[in-house]
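Source file: run.cif; contents: mmCIF, C-alpha atoms and all ligand atoms; chains and numbers go by the auth columns.
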```
data_entry
loop_
_atom_site.group_PDB
_atom_site.id
_atom_site.type_symbol
_atom_site.label_atom_id
_atom_site.label_comp_id
_atom_site.label_asym_id
_atom_site.label_seq_id
_atom_site.Cartn_x
_atom_site.Cartn_y
_atom_site.Cartn_z
_atom_site.B_iso_or_equiv
_atom_site.auth_seq_id
_atom_site.auth_asym_id
ATOM 1 C CA MET A 1 10.348 -23.283 4.403 0.00 24 A
ATOM 2 C CA ASN A 2 9.087 -20.499 6.629 0.00 25 A
ATOM 3 C CA SER A 3 6.748 -17.749 5.498 0.00 26 A
ATOM 4 C CA LEU A 4 9.484 -15.237 4.903 0.00 27 A
ATOM 5 C CA GLU A 5 11.689 -17.323 2.662 0.00 28 A
ATOM 6 C CA ILE A 6 11.389 -16.774 -1.051 0.00 29 A
ATOM 7 C CA LEU A 7 11.947 -18.917 -4.058 0.00 30 A
ATOM 8 C CA PRO A 8 14.469 -17.963 -6.723 0.00 31 A
ATOM 9 C CA GLU A 9 11.665 -17.002 -9.111 0.00 32 A
ATOM 10 C CA LEU A 10 10.821 -14.069 -6.882 0.00 33 A
ATOM 11 C CA ILE A 11 14.319 -12.738 -6.774 0.00 34 A
ATOM 12 C CA SER A 12 15.092 -9.751 -8.941 0.00 35 A
ATOM 13 C CA ALA A 13 18.032 -10.077 -11.248 0.00 36 A
ATOM 14 C CA ASP A 14 20.325 -7.939 -9.131 0.00 37 A
ATOM 15 C CA GLN A 15 18.851 -8.395 -5.643 0.00 38 A
ATOM 16 C CA SER A 16 18.319 -11.243 -3.224 0.00 39 A
ATOM 17 C CA VAL A 17 14.848 -10.146 -2.086 0.00 40 A
ATOM 18 C CA PRO A 18 11.680 -8.828 -3.763 0.00 41 A
ATOM 19 C CA ARG A 19 11.771 -5.118 -4.428 0.00 42 A
ATOM 20 C CA LEU A 20 8.806 -3.047 -3.261 0.00 43 A
ATOM 21 C CA GLY A 21 7.660 0.228 -4.753 0.00 44 A
ATOM 22 C CA VAL A 22 5.543 2.196 -2.283 0.00 45 A
ATOM 23 C CA LEU A 23 2.979 4.787 -3.440 0.00 46 A
ATOM 24 C CA ALA A 24 1.893 7.231 -0.751 0.00 47 A
ATOM 25 C CA SER A 25 0.109 10.570 -0.547 0.00 48 A
ATOM 26 C CA GLY A 26 0.132 11.397 3.145 0.00 49 A
ATOM 27 C CA SER A 27 1.838 10.813 6.439 0.00 50 A
ATOM 28 C CA GLY A 28 3.452 7.521 5.506 0.00 51 A
ATOM 29 C CA SER A 29 2.824 5.674 8.765 0.00 52 A
ATOM 30 C CA ASN A 30 2.135 2.465 6.829 0.00 53 A
ATOM 31 C CA LEU A 31 5.336 2.957 4.878 0.00 54 A
ATOM 32 C CA GLU A 32 7.149 3.228 8.205 0.00 55 A
ATOM 33 C CA ALA A 33 5.510 0.048 9.522 0.00 56 A
ATOM 34 C CA ILE A 34 6.650 -1.833 6.428 0.00 57 A
ATOM 35 C CA ALA A 35 10.164 -0.408 6.659 0.00 58 A
ATOM 36 C CA ARG A 36 10.377 -1.420 10.331 0.00 59 A
ATOM 37 C CA ALA A 37 9.126 -4.934 9.554 0.00 60 A
ATOM 38 C CA ILE A 38 11.909 -5.234 6.991 0.00 61 A
ATOM 39 C CA GLU A 39 14.483 -3.896 9.477 0.00 62 A
ATOM 40 C CA ASN A 40 13.524 -6.371 12.160 0.00 63 A
ATOM 41 C CA GLY A 41 13.360 -9.340 9.821 0.00 64 A
ATOM 42 C CA GLN A 42 9.581 -9.890 9.778 0.00 65 A
ATOM 43 C CA LEU A 43 9.404 -9.130 6.064 0.00 66 A
ATOM 44 C CA SER A 44 12.026 -10.251 3.611 0.00 67 A
ATOM 45 C CA ALA A 45 11.955 -7.475 1.031 0.00 68 A
ATOM 46 C CA LYS A 46 13.561 -4.206 0.106 0.00 69 A
ATOM 47 C CA ILE A 47 11.800 -0.896 -0.479 0.00 70 A
ATOM 48 C CA ALA A 48 13.371 0.160 -3.744 0.00 71 A
ATOM 49 C CA LEU A 49 11.420 3.371 -4.201 0.00 72 A
ATOM 50 C CA ILE A 50 8.758 5.597 -2.702 0.00 73 A
ATOM 51 C CA ILE A 51 6.595 7.659 -5.031 0.00 74 A
ATOM 52 C CA TYR A 52 4.562 10.458 -3.497 0.00 75 A
ATOM 53 C CA ASN A 53 2.258 12.958 -5.189 0.00 76 A
ATOM 54 C CA GLU A 54 1.774 15.692 -2.613 0.00 77 A
ATOM 55 C CA PRO A 55 4.812 18.004 -2.343 0.00 78 A
ATOM 56 C CA GLU A 56 4.306 18.555 1.397 0.00 79 A
ATOM 57 C CA ALA A 57 3.510 14.939 2.294 0.00 80 A
ATOM 58 C CA ALA A 58 5.237 13.850 5.495 0.00 81 A
ATOM 59 C CA VAL A 59 6.075 10.524 3.882 0.00 82 A
ATOM 60 C CA ARG A 60 9.072 12.264 2.319 0.00 83 A
ATOM 61 C CA GLN A 61 10.688 12.838 5.743 0.00 84 A
ATOM 62 C CA ARG A 62 10.030 9.227 6.698 0.00 85 A
ATOM 63 C CA ALA A 63 11.676 8.103 3.480 0.00 86 A
ATOM 64 C CA GLU A 64 14.728 10.195 4.353 0.00 87 A
ATOM 65 C CA ARG A 65 14.888 8.712 7.845 0.00 88 A
ATOM 66 C CA PHE A 66 14.961 5.202 6.370 0.00 89 A
ATOM 67 C CA ASP A 67 17.321 6.249 3.589 0.00 90 A
ATOM 68 C CA ILE A 68 14.873 5.143 0.887 0.00 91 A
ATOM 69 C CA PRO A 69 14.827 6.937 -2.481 0.00 92 A
ATOM 70 C CA ALA A 70 11.681 9.051 -2.811 0.00 93 A
ATOM 71 C CA ILE A 71 10.397 10.683 -5.994 0.00 94 A
ATOM 72 C CA LEU A 72 7.704 13.343 -6.173 0.00 95 A
ATOM 73 C CA ILE A 73 5.321 12.729 -9.052 0.00 96 A
ATOM 74 C CA ASN A 74 2.804 15.515 -8.695 0.00 97 A
ATOM 75 C CA HIS A 75 -0.465 14.490 -10.327 0.00 98 A
ATOM 76 C CA ARG A 76 -1.172 18.150 -11.114 0.00 99 A
ATOM 77 C CA ASP A 77 1.619 18.059 -13.702 0.00 100 A
ATOM 78 C CA TYR A 78 -0.134 15.405 -15.816 0.00 101 A
ATOM 79 C CA LYS A 79 -2.984 15.879 -18.268 0.00 102 A
ATOM 80 C CA SER A 80 -4.706 12.585 -17.516 0.00 103 A
ATOM 81 C CA ARG A 81 -4.740 9.771 -14.999 0.00 104 A
ATOM 82 C CA GLN A 82 -3.209 7.555 -17.681 0.00 105 A
ATOM 83 C CA ALA A 83 -0.317 9.972 -18.217 0.00 106 A
ATOM 84 C CA LEU A 84 0.310 10.028 -14.463 0.00 107 A
ATOM 85 C CA ASP A 85 0.262 6.231 -14.338 0.00 108 A
ATOM 86 C CA ARG A 86 2.686 5.991 -17.271 0.00 109 A
ATOM 87 C CA GLU A 87 5.214 8.128 -15.389 0.00 110 A
ATOM 88 C CA ILE A 88 4.720 6.027 -12.253 0.00 111 A
ATOM 89 C CA ILE A 89 5.325 2.846 -14.276 0.00 112 A
ATOM 90 C CA LYS A 90 8.463 4.339 -15.799 0.00 113 A
ATOM 91 C CA GLN A 91 9.918 5.006 -12.352 0.00 114 A
ATOM 92 C CA LEU A 92 8.809 1.670 -10.885 0.00 115 A
ATOM 93 C CA LYS A 93 10.394 -0.219 -13.785 0.00 116 A
ATOM 94 C CA ALA A 94 13.563 1.888 -13.633 0.00 117 A
ATOM 95 C CA HIS A 95 13.906 0.855 -9.995 0.00 118 A
ATOM 96 C CA LYS A 96 13.175 -2.796 -10.848 0.00 119 A
ATOM 97 C CA VAL A 97 10.128 -2.952 -8.604 0.00 120 A
ATOM 98 C CA ASP A 98 8.513 -6.383 -8.229 0.00 121 A
ATOM 99 C CA LEU A 99 5.512 -5.565 -6.036 0.00 122 A
ATOM 100 C CA VAL A 100 3.666 -2.242 -5.786 0.00 123 A
ATOM 101 C CA ILE A 101 2.416 -1.255 -2.337 0.00 124 A
ATOM 102 C CA MET A 102 -0.210 1.458 -2.142 0.00 125 A
ATOM 103 C CA ALA A 103 0.041 2.944 1.335 0.00 126 A
ATOM 104 C CA GLY A 104 -2.398 5.817 1.514 0.00 127 A
ATOM 105 C CA TRP A 105 -2.189 6.564 -2.246 0.00 128 A
ATOM 106 C CA MET A 106 -5.171 8.846 -2.780 0.00 129 A
ATOM 107 C CA ARG A 107 -5.352 8.757 -6.566 0.00 130 A
ATOM 108 C CA ILE A 108 -7.645 6.609 -8.692 0.00 131 A
ATOM 109 C CA VAL A 109 -5.515 4.176 -10.642 0.00 132 A
ATOM 110 C CA THR A 110 -6.104 3.293 -14.309 0.00 133 A
ATOM 111 C CA GLN A 111 -5.920 0.084 -16.287 0.00 134 A
ATOM 112 C CA VAL A 112 -2.522 1.279 -17.536 0.00 135 A
ATOM 113 C CA LEU A 113 -0.915 0.723 -14.122 0.00 136 A
ATOM 114 C CA ILE A 114 -2.866 -2.439 -13.361 0.00 137 A
ATOM 115 C CA GLU A 115 -1.788 -4.039 -16.645 0.00 138 A
ATOM 116 C CA ALA A 116 1.843 -3.117 -16.026 0.00 139 A
ATOM 117 C CA PHE A 117 1.795 -4.960 -12.669 0.00 140 A
ATOM 118 C CA PRO A 118 -0.930 -7.629 -12.943 0.00 141 A
ATOM 119 C CA GLU A 119 -1.826 -9.032 -9.512 0.00 142 A
ATOM 120 C CA ARG A 120 1.225 -7.251 -8.197 0.00 143 A
ATOM 121 C CA ILE A 121 -0.393 -4.159 -6.661 0.00 144 A
ATOM 122 C CA LEU A 122 -1.593 -4.240 -3.054 0.00 145 A
ATOM 123 C CA ASN A 123 -3.708 -1.605 -1.316 0.00 146 A
ATOM 124 C CA ILE A 124 -4.752 -0.951 2.254 0.00 147 A
ATOM 125 C CA HIS A 125 -8.144 0.520 3.048 0.00 148 A
ATOM 126 C CA PRO A 126 -9.455 1.685 6.456 0.00 149 A
ATOM 127 C CA SER A 127 -12.667 -0.340 6.576 0.00 150 A
ATOM 128 C CA LEU A 128 -13.828 -3.914 6.477 0.00 151 A
ATOM 129 C CA LEU A 129 -14.375 -4.130 2.727 0.00 152 A
ATOM 130 C CA PRO A 130 -16.709 -4.408 0.930 0.00 153 A
ATOM 131 C CA SER A 131 -18.277 -1.953 3.391 0.00 154 A
ATOM 132 C CA PHE A 132 -17.395 1.727 3.251 0.00 155 A
ATOM 133 C CA LYS A 133 -15.383 2.129 0.073 0.00 156 A
ATOM 134 C CA GLY A 134 -13.938 5.495 -0.918 0.00 157 A
ATOM 135 C CA ILE A 135 -11.989 8.259 0.750 0.00 158 A
ATOM 136 C CA HIS A 136 -14.249 8.853 3.766 0.00 159 A
ATOM 137 C CA ALA A 137 -14.412 5.275 4.957 0.00 160 A
ATOM 138 C CA ILE A 138 -13.660 5.898 8.624 0.00 161 A
ATOM 139 C CA ALA A 139 -16.108 8.787 8.946 0.00 162 A
ATOM 140 C CA GLN A 140 -18.822 6.839 7.141 0.00 163 A
ATOM 141 C CA ALA A 141 -18.469 3.837 9.447 0.00 164 A
ATOM 142 C CA PHE A 142 -18.425 6.178 12.443 0.00 165 A
ATOM 143 C CA ASP A 143 -21.494 8.132 11.301 0.00 166 A
ATOM 144 C CA TYR A 144 -23.373 4.983 10.371 0.00 167 A
ATOM 145 C CA GLY A 145 -22.996 3.764 13.930 0.00 168 A
ATOM 146 C CA VAL A 146 -21.415 0.405 13.157 0.00 169 A
ATOM 147 C CA LYS A 147 -19.924 -1.235 16.223 0.00 170 A
ATOM 148 C CA ILE A 148 -17.123 -3.031 14.432 0.00 171 A
ATOM 149 C CA THR A 149 -15.059 -1.651 11.599 0.00 172 A
ATOM 150 C CA GLY A 150 -11.466 -2.387 10.639 0.00 173 A
ATOM 151 C CA CYS A 151 -8.972 -2.406 7.812 0.00 174 A
ATOM 152 C CA THR A 152 -8.393 -4.478 4.708 0.00 175 A
ATOM 153 C CA VAL A 153 -5.399 -5.352 2.543 0.00 176 A
ATOM 154 C CA HIS A 154 -6.489 -6.297 -0.969 0.00 177 A
ATOM 155 C CA LEU A 155 -5.247 -6.699 -4.503 0.00 178 A
ATOM 156 C CA LEU A 156 -5.887 -3.645 -6.591 0.00 179 A
ATOM 157 C CA SER A 157 -8.513 -3.822 -9.300 0.00 180 A
ATOM 158 C CA LEU A 158 -10.005 -1.196 -11.588 0.00 181 A
ATOM 159 C CA GLU A 159 -13.060 -0.709 -9.417 0.00 182 A
ATOM 160 C CA VAL A 160 -12.118 1.438 -6.421 0.00 183 A
ATOM 161 C CA ASP A 161 -11.450 -0.457 -3.170 0.00 184 A
ATOM 162 C CA SER A 162 -12.373 -3.776 -4.733 0.00 185 A
ATOM 163 C CA GLY A 163 -10.187 -6.724 -5.660 0.00 186 A
ATOM 164 C CA LYS A 164 -9.393 -9.928 -3.838 0.00 187 A
ATOM 165 C CA ILE A 165 -9.122 -9.502 -0.084 0.00 188 A
ATOM 166 C CA LEU A 166 -5.823 -10.725 1.357 0.00 189 A
ATOM 167 C CA LYS A 167 -6.087 -9.826 5.024 0.00 190 A
ATOM 168 C CA GLN A 168 -8.396 -7.994 7.417 0.00 191 A
ATOM 169 C CA ALA A 169 -8.421 -6.873 11.026 0.00 192 A
ATOM 170 C CA ALA A 170 -11.527 -5.955 13.006 0.00 193 A
ATOM 171 C CA VAL A 171 -11.578 -2.812 15.144 0.00 194 A
ATOM 172 C CA PRO A 172 -14.329 -2.028 17.677 0.00 195 A
ATOM 173 C CA ILE A 173 -16.022 1.366 17.818 0.00 196 A
ATOM 174 C CA PHE A 174 -16.867 2.484 21.351 0.00 197 A
ATOM 175 C CA PRO A 175 -19.588 5.019 22.270 0.00 198 A
ATOM 176 C CA GLU A 176 -17.068 7.515 23.613 0.00 199 A
ATOM 177 C CA ASP A 177 -14.862 7.406 20.515 0.00 200 A
ATOM 178 C CA THR A 178 -14.054 10.437 18.431 0.00 201 A
ATOM 179 C CA LEU A 179 -13.138 10.122 14.781 0.00 202 A
ATOM 180 C CA GLU A 180 -9.493 10.800 15.637 0.00 203 A
ATOM 181 C CA VAL A 181 -9.388 8.112 18.305 0.00 204 A
ATOM 182 C CA LEU A 182 -10.990 5.627 15.939 0.00 205 A
ATOM 183 C CA GLN A 183 -8.580 6.492 13.145 0.00 206 A
ATOM 184 C CA LYS A 184 -5.615 5.866 15.440 0.00 207 A
ATOM 185 C CA ARG A 185 -7.077 2.527 16.559 0.00 208 A
ATOM 186 C CA ILE A 186 -7.518 1.455 12.939 0.00 209 A
ATOM 187 C CA GLN A 187 -3.999 2.506 12.052 0.00 210 A
ATOM 188 C CA VAL A 188 -2.528 0.377 14.831 0.00 211 A
ATOM 189 C CA GLN A 189 -4.087 -2.621 13.094 0.00 212 A
ATOM 190 C CA GLU A 190 -3.036 -1.436 9.642 0.00 213 A
ATOM 191 C CA HIS A 191 0.575 -1.313 10.769 0.00 214 A
ATOM 192 C CA LEU A 192 0.320 -4.909 11.961 0.00 215 A
ATOM 193 C CA ILE A 193 -1.492 -6.479 9.026 0.00 216 A
ATOM 194 C CA TYR A 194 0.117 -4.728 6.072 0.00 217 A
ATOM 195 C CA PRO A 195 3.638 -6.140 6.538 0.00 218 A
ATOM 196 C CA GLN A 196 2.119 -9.557 7.343 0.00 219 A
ATOM 197 C CA ALA A 197 -0.087 -9.473 4.261 0.00 220 A
ATOM 198 C CA ILE A 198 2.871 -8.582 2.039 0.00 221 A
ATOM 199 C CA ALA A 199 4.956 -11.438 3.459 0.00 222 A
ATOM 200 C CA GLU A 200 2.070 -13.887 3.064 0.00 223 A
ATOM 201 C CA TYR A 201 1.333 -12.760 -0.474 0.00 224 A
ATOM 202 C CA LEU A 202 4.972 -13.184 -1.499 0.00 225 A
ATOM 203 C CA LYS A 203 4.900 -16.663 -0.002 0.00 226 A
ATOM 204 C CA GLU A 204 1.653 -17.504 -1.818 0.00 227 A
ATOM 205 C CA ARG A 205 3.099 -16.391 -5.145 0.00 228 A
ATOM 206 C CA SER A 206 6.212 -18.453 -4.529 0.00 229 A
ATOM 207 C CA ALA A 207 4.124 -21.512 -3.725 0.00 230 A
ATOM 208 C CA LYS A 208 2.278 -21.063 -7.018 0.00 231 A
ATOM 209 C CA GLY A 209 5.591 -20.813 -8.823 0.00 232 A
ATOM 210 C CA LEU A 210 4.857 -17.261 -9.888 0.00 233 A
ATOM 211 C CA GLY A 211 7.901 -15.145 -10.432 0.00 234 A
ATOM 212 C CA ALA A 212 8.209 -11.505 -9.524 0.00 235 A
ATOM 213 C CA GLN A 213 7.692 -10.389 -13.098 0.00 236 A
ATOM 214 C CA THR A 214 4.753 -12.635 -14.014 0.00 237 A
HETATM 215 C C1 LIG B . -4.364 4.760 5.835 0.00 301 A
HETATM 216 O O1 LIG B . -5.197 4.751 6.947 0.00 301 A
HETATM 217 C C2 LIG B . -4.994 4.015 4.681 0.00 301 A
HETATM 218 O O2 LIG B . -5.826 2.976 5.084 0.00 301 A
HETATM 219 C C3 LIG B . -5.761 5.108 3.998 0.00 301 A
HETATM 220 O O3 LIG B . -4.938 6.229 4.087 0.00 301 A
HETATM 221 C C4 LIG B . -4.207 6.170 5.299 0.00 301 A
HETATM 222 C C5 LIG B . -2.762 6.531 5.012 0.00 301 A
HETATM 223 O O4 LIG B . -2.059 6.687 6.201 0.00 301 A
HETATM 224 N N1 LIG B . -6.063 4.757 2.657 0.00 301 A
HETATM 225 C C6 LIG B . -7.227 5.017 2.060 0.00 301 A
HETATM 226 O O5 LIG B . -8.109 5.610 2.601 0.00 301 A
HETATM 227 C C7 LIG B . -7.335 4.491 0.635 0.00 301 A
HETATM 228 N N2 LIG B . -8.694 4.480 0.219 0.00 301 A
HETATM 229 P P1 LIG B . -0.469 6.753 6.217 0.00 301 A
HETATM 230 O O6 LIG B . -0.063 7.788 5.169 0.00 301 A
HETATM 231 O O7 LIG B . -0.140 7.226 7.591 0.00 301 A
HETATM 232 O O8 LIG B . 0.052 5.391 5.906 0.00 301 A
#
```

Starting from the file, lay out its structure as structure tokens.
Ligand code: GAR
Amino acid sequence: MNSLEILPELISADQSVPRLGVLASGSGSNLEAIARAIENGQLSAKIALIIYNEPEAAVRQRAERFDIPAILINHRDYKSRQALDREIIKQLKAHKVDLVIMAGWMRIVTQVLIEAFPERILNIHPSLLPSFKGIHAIAQAFDYGVKITGCTVHLLSLEVDSGKILKQAAVPIFPEDTLEVLQKRIQVQEHLIYPQAIAEYLKERSAKGLGAQT
């Protein structure tokens, strides 16, 4: 069996491949990388839904280009993080999502969401975790003067940017770099490792006999 094949346990009732729900707040370049990996057969999955929280986020246009349903759930409309997460869960379940993919989702997630999708939420972070957690990871690595940074795909846990690491890529920082140049270099690696990490994680779950809903 190759890495992209899936066992019946992972198959949703009405689909032949695992269904991904992508959460994004920004440009959506990682969403695009995942969608392209699906298109060219590197990842056997379907993006069932994109949820975005910023009305002007460019991810919406990318979703349109790939003909993927996208729903705006504006966090400003909810009284608490838990209430926001409950609405997200409602939409993810309505779209029969098996695996949640956080691709530049800039909201702190609560136990409510984690319990609804135990070990089924992946995140990407622009540093070599556990170094440089938080929203300014690239700038912090840059300012600190580290010579090697990178990006990390990990399982989501309650503590921000923690959780089991699934895949990492190292990225050098050169003396002449600007923050923008470094960010682009990191994103090149993100776009490579995120689809791979998703495929490998689906394979790992299959090997353990874990179904999509367990
Ligand atoms: C990515 O670089 C991702 O690592 C980062 O947001 C960017 C989203 O880019 N995530 C975090 O910083 C989470 N702590 P994209 O919208 O172009 O995919």

Between A:Gly127, A:Pro218, A:Gly168, A:Gly157, which residue has the minimum interatomic distance to Leu189 of chain A, considering only C-alpha atoms? A:Pro218

Compile the contact shell of Pro92 of chain A as an NGL selection string: residues with an atom at most 12 Å away, counting only C-alpha atoms, same-chain residues fewer than 5 positions apart removed. :A and (43-45 or 69-75 or 82-87 or 114-115 or 118)

Compute the set of protein, DNA and RNA residues whose minimum atom distance to ligand LIG 301 (chain A) is at most 8 Å, using only C-alpha atoms and all ligand atoms, and state it as an MDAnalysis selection string. chainID A and resid 47:55 82 126:129 146:150 156:160 174:175 184 206 209:210 213

If you apply the PyMOL selection byres (((chain A and resi 143) around 9) and not hetatm) to this file, what residues do you get, as a VMD selection string? chain A and resid 121 to 124 137 139 to 142 144 to 145 178 to 179 235 to 237

Between A:Ala117, A:Ala162, A:Leu152, A:Val135, which residue has the minimum interatomic distance to Val204 of chain A, considering all atoms listed in the file? A:Ala162

Suppose you want the space between atom CA of Ser103 of chain A and atom CA of Lys116 of chain A; what is it in Å? 20.1 Å

Computed interatomic separation between atom CA of Ala68 of chain A and atom CA of Ser39 of chain A (Å): 8.5 Å

Nearest residue to His214 of chain A out of A:Ile96, A:Val176, A:Leu46, A:Ile188, using only C-alpha atoms?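 That would be A:Val176, the residue with the smallest distance to His214 of chain A.
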
So what do you get for atom CA of Lys190 of chain A versus atom CA of Arg109 of chain A, distance-wise?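 Distance reported for this atom pair: 28.7 Å.
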
Centre and edge lengths of an axis-aligned box around all listed atoms of segment 38-56 of chain A, with 4 Å added on each side, are to be given in Å to one decimal, as AutoDock Vina command-line options.
```
--center_x 9.5 --center_y 0.1 --center_z 1.9 --size_x 26.7 --size_y 30.6 --size_z 23.2
```

Hey, could you patch up segment 150-158 of chain A with all heavy atoms and hand it over as an mmCIF file, keeping the file's coordinate frame?
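In the end it all went to part_12.cif:
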```
data_model
loop_
_atom_site.group_PDB
_atom_site.id
_atom_site.type_symbol
_atom_site.label_atom_id
_atom_site.label_comp_id
_atom_site.auth_asym_id
_atom_site.auth_seq_id
_atom_site.Cartn_x
_atom_site.Cartn_y
_atom_site.Cartn_z
ATOM 1 N N SER A 150 -11.347 0.193 6.216
ATOM 2 C CA SER A 150 -12.667 -0.340 6.576
ATOM 3 C C SER A 150 -12.633 -1.844 6.345
ATOM 4 O O SER A 150 -11.684 -2.366 5.749
ATOM 5 C CB SER A 150 -13.786 0.274 5.720
ATOM 6 O OG SER A 150 -13.811 -0.320 4.439
ATOM 7 N N LEU A 151 -13.678 -2.496 6.801
ATOM 8 C CA LEU A 151 -13.828 -3.914 6.477
ATOM 9 C C LEU A 151 -14.549 -3.992 5.139
ATOM 10 O O LEU A 151 -15.784 -3.982 5.071
ATOM 11 C CB LEU A 151 -14.635 -4.633 7.575
ATOM 12 C CG LEU A 151 -13.917 -4.865 8.905
ATOM 13 C CD1 LEU A 151 -14.857 -5.537 9.899
ATOM 14 C CD2 LEU A 151 -12.654 -5.691 8.731
ATOM 15 N N LEU A 152 -13.767 -4.031 4.063
ATOM 16 C CA LEU A 152 -14.375 -4.130 2.727
ATOM 17 C C LEU A 152 -15.188 -5.407 2.634
ATOM 18 O O LEU A 152 -14.851 -6.392 3.268
ATOM 19 C CB LEU A 152 -13.276 -4.086 1.656
ATOM 20 C CG LEU A 152 -12.574 -2.736 1.496
ATOM 21 C CD1 LEU A 152 -11.407 -2.848 0.514
ATOM 22 C CD2 LEU A 152 -13.549 -1.653 1.040
ATOM 23 N N PRO A 153 -16.294 -5.443 1.877
ATOM 24 C CA PRO A 153 -16.709 -4.408 0.930
ATOM 25 C C PRO A 153 -17.522 -3.261 1.515
ATOM 26 O O PRO A 153 -18.101 -2.492 0.745
ATOM 27 C CB PRO A 153 -17.528 -5.210 -0.087
ATOM 28 C CG PRO A 153 -18.147 -6.299 0.721
ATOM 29 C CD PRO A 153 -17.120 -6.670 1.753
ATOM 30 N N SER A 154 -17.567 -3.110 2.825
ATOM 31 C CA SER A 154 -18.277 -1.953 3.391
ATOM 32 C C SER A 154 -17.402 -0.708 3.332
ATOM 33 O O SER A 154 -16.184 -0.791 3.490
ATOM 34 C CB SER A 154 -18.623 -2.214 4.856
ATOM 35 O OG SER A 154 -19.553 -3.259 4.978
ATOM 36 N N PHE A 155 -18.032 0.411 3.145
ATOM 37 C CA PHE A 155 -17.395 1.727 3.251
ATOM 38 C C PHE A 155 -16.178 1.896 2.350
ATOM 39 O O PHE A 155 -15.051 2.064 2.812
ATOM 40 C CB PHE A 155 -17.055 2.025 4.718
ATOM 41 C CG PHE A 155 -18.233 1.901 5.636
ATOM 42 C CD1 PHE A 155 -18.268 0.938 6.639
ATOM 43 C CD2 PHE A 155 -19.356 2.712 5.462
ATOM 44 C CE1 PHE A 155 -19.377 0.803 7.464
ATOM 45 C CE2 PHE A 155 -20.474 2.577 6.281
ATOM 46 C CZ PHE A 155 -20.482 1.618 7.285
ATOM 47 N N LYS A 156 -16.429 1.831 1.053
ATOM 48 C CA LYS A 156 -15.383 2.129 0.073
ATOM 49 C C LYS A 156 -15.208 3.651 -0.020
ATOM 50 O O LYS A 156 -16.054 4.401 0.444
ATOM 51 C CB LYS A 156 -15.773 1.565 -1.295
ATOM 52 C CG LYS A 156 -15.918 0.052 -1.283
ATOM 53 C CD LYS A 156 -16.381 -0.477 -2.622
ATOM 54 C CE LYS A 156 -16.513 -1.995 -2.544
ATOM 55 N NZ LYS A 156 -16.952 -2.589 -3.810
ATOM 56 N N GLY A 157 -14.125 4.069 -0.653
ATOM 57 C CA GLY A 157 -13.938 5.495 -0.918
ATOM 58 C C GLY A 157 -13.087 6.199 0.114
ATOM 59 O O GLY A 157 -12.558 5.580 1.039
ATOM 60 N N ILE A 158 -12.984 7.518 -0.043
ATOM 61 C CA ILE A 158 -11.989 8.259 0.750
ATOM 62 C C ILE A 158 -12.477 8.643 2.150
ATOM 63 O O ILE A 158 -11.693 9.112 2.964
ATOM 64 C CB ILE A 158 -11.481 9.529 0.010
ATOM 65 C CG1 ILE A 158 -12.652 10.441 -0.365
ATOM 66 C CG2 ILE A 158 -10.653 9.165 -1.201
ATOM 67 C CD1 ILE A 158 -12.186 11.790 -0.893
#
```
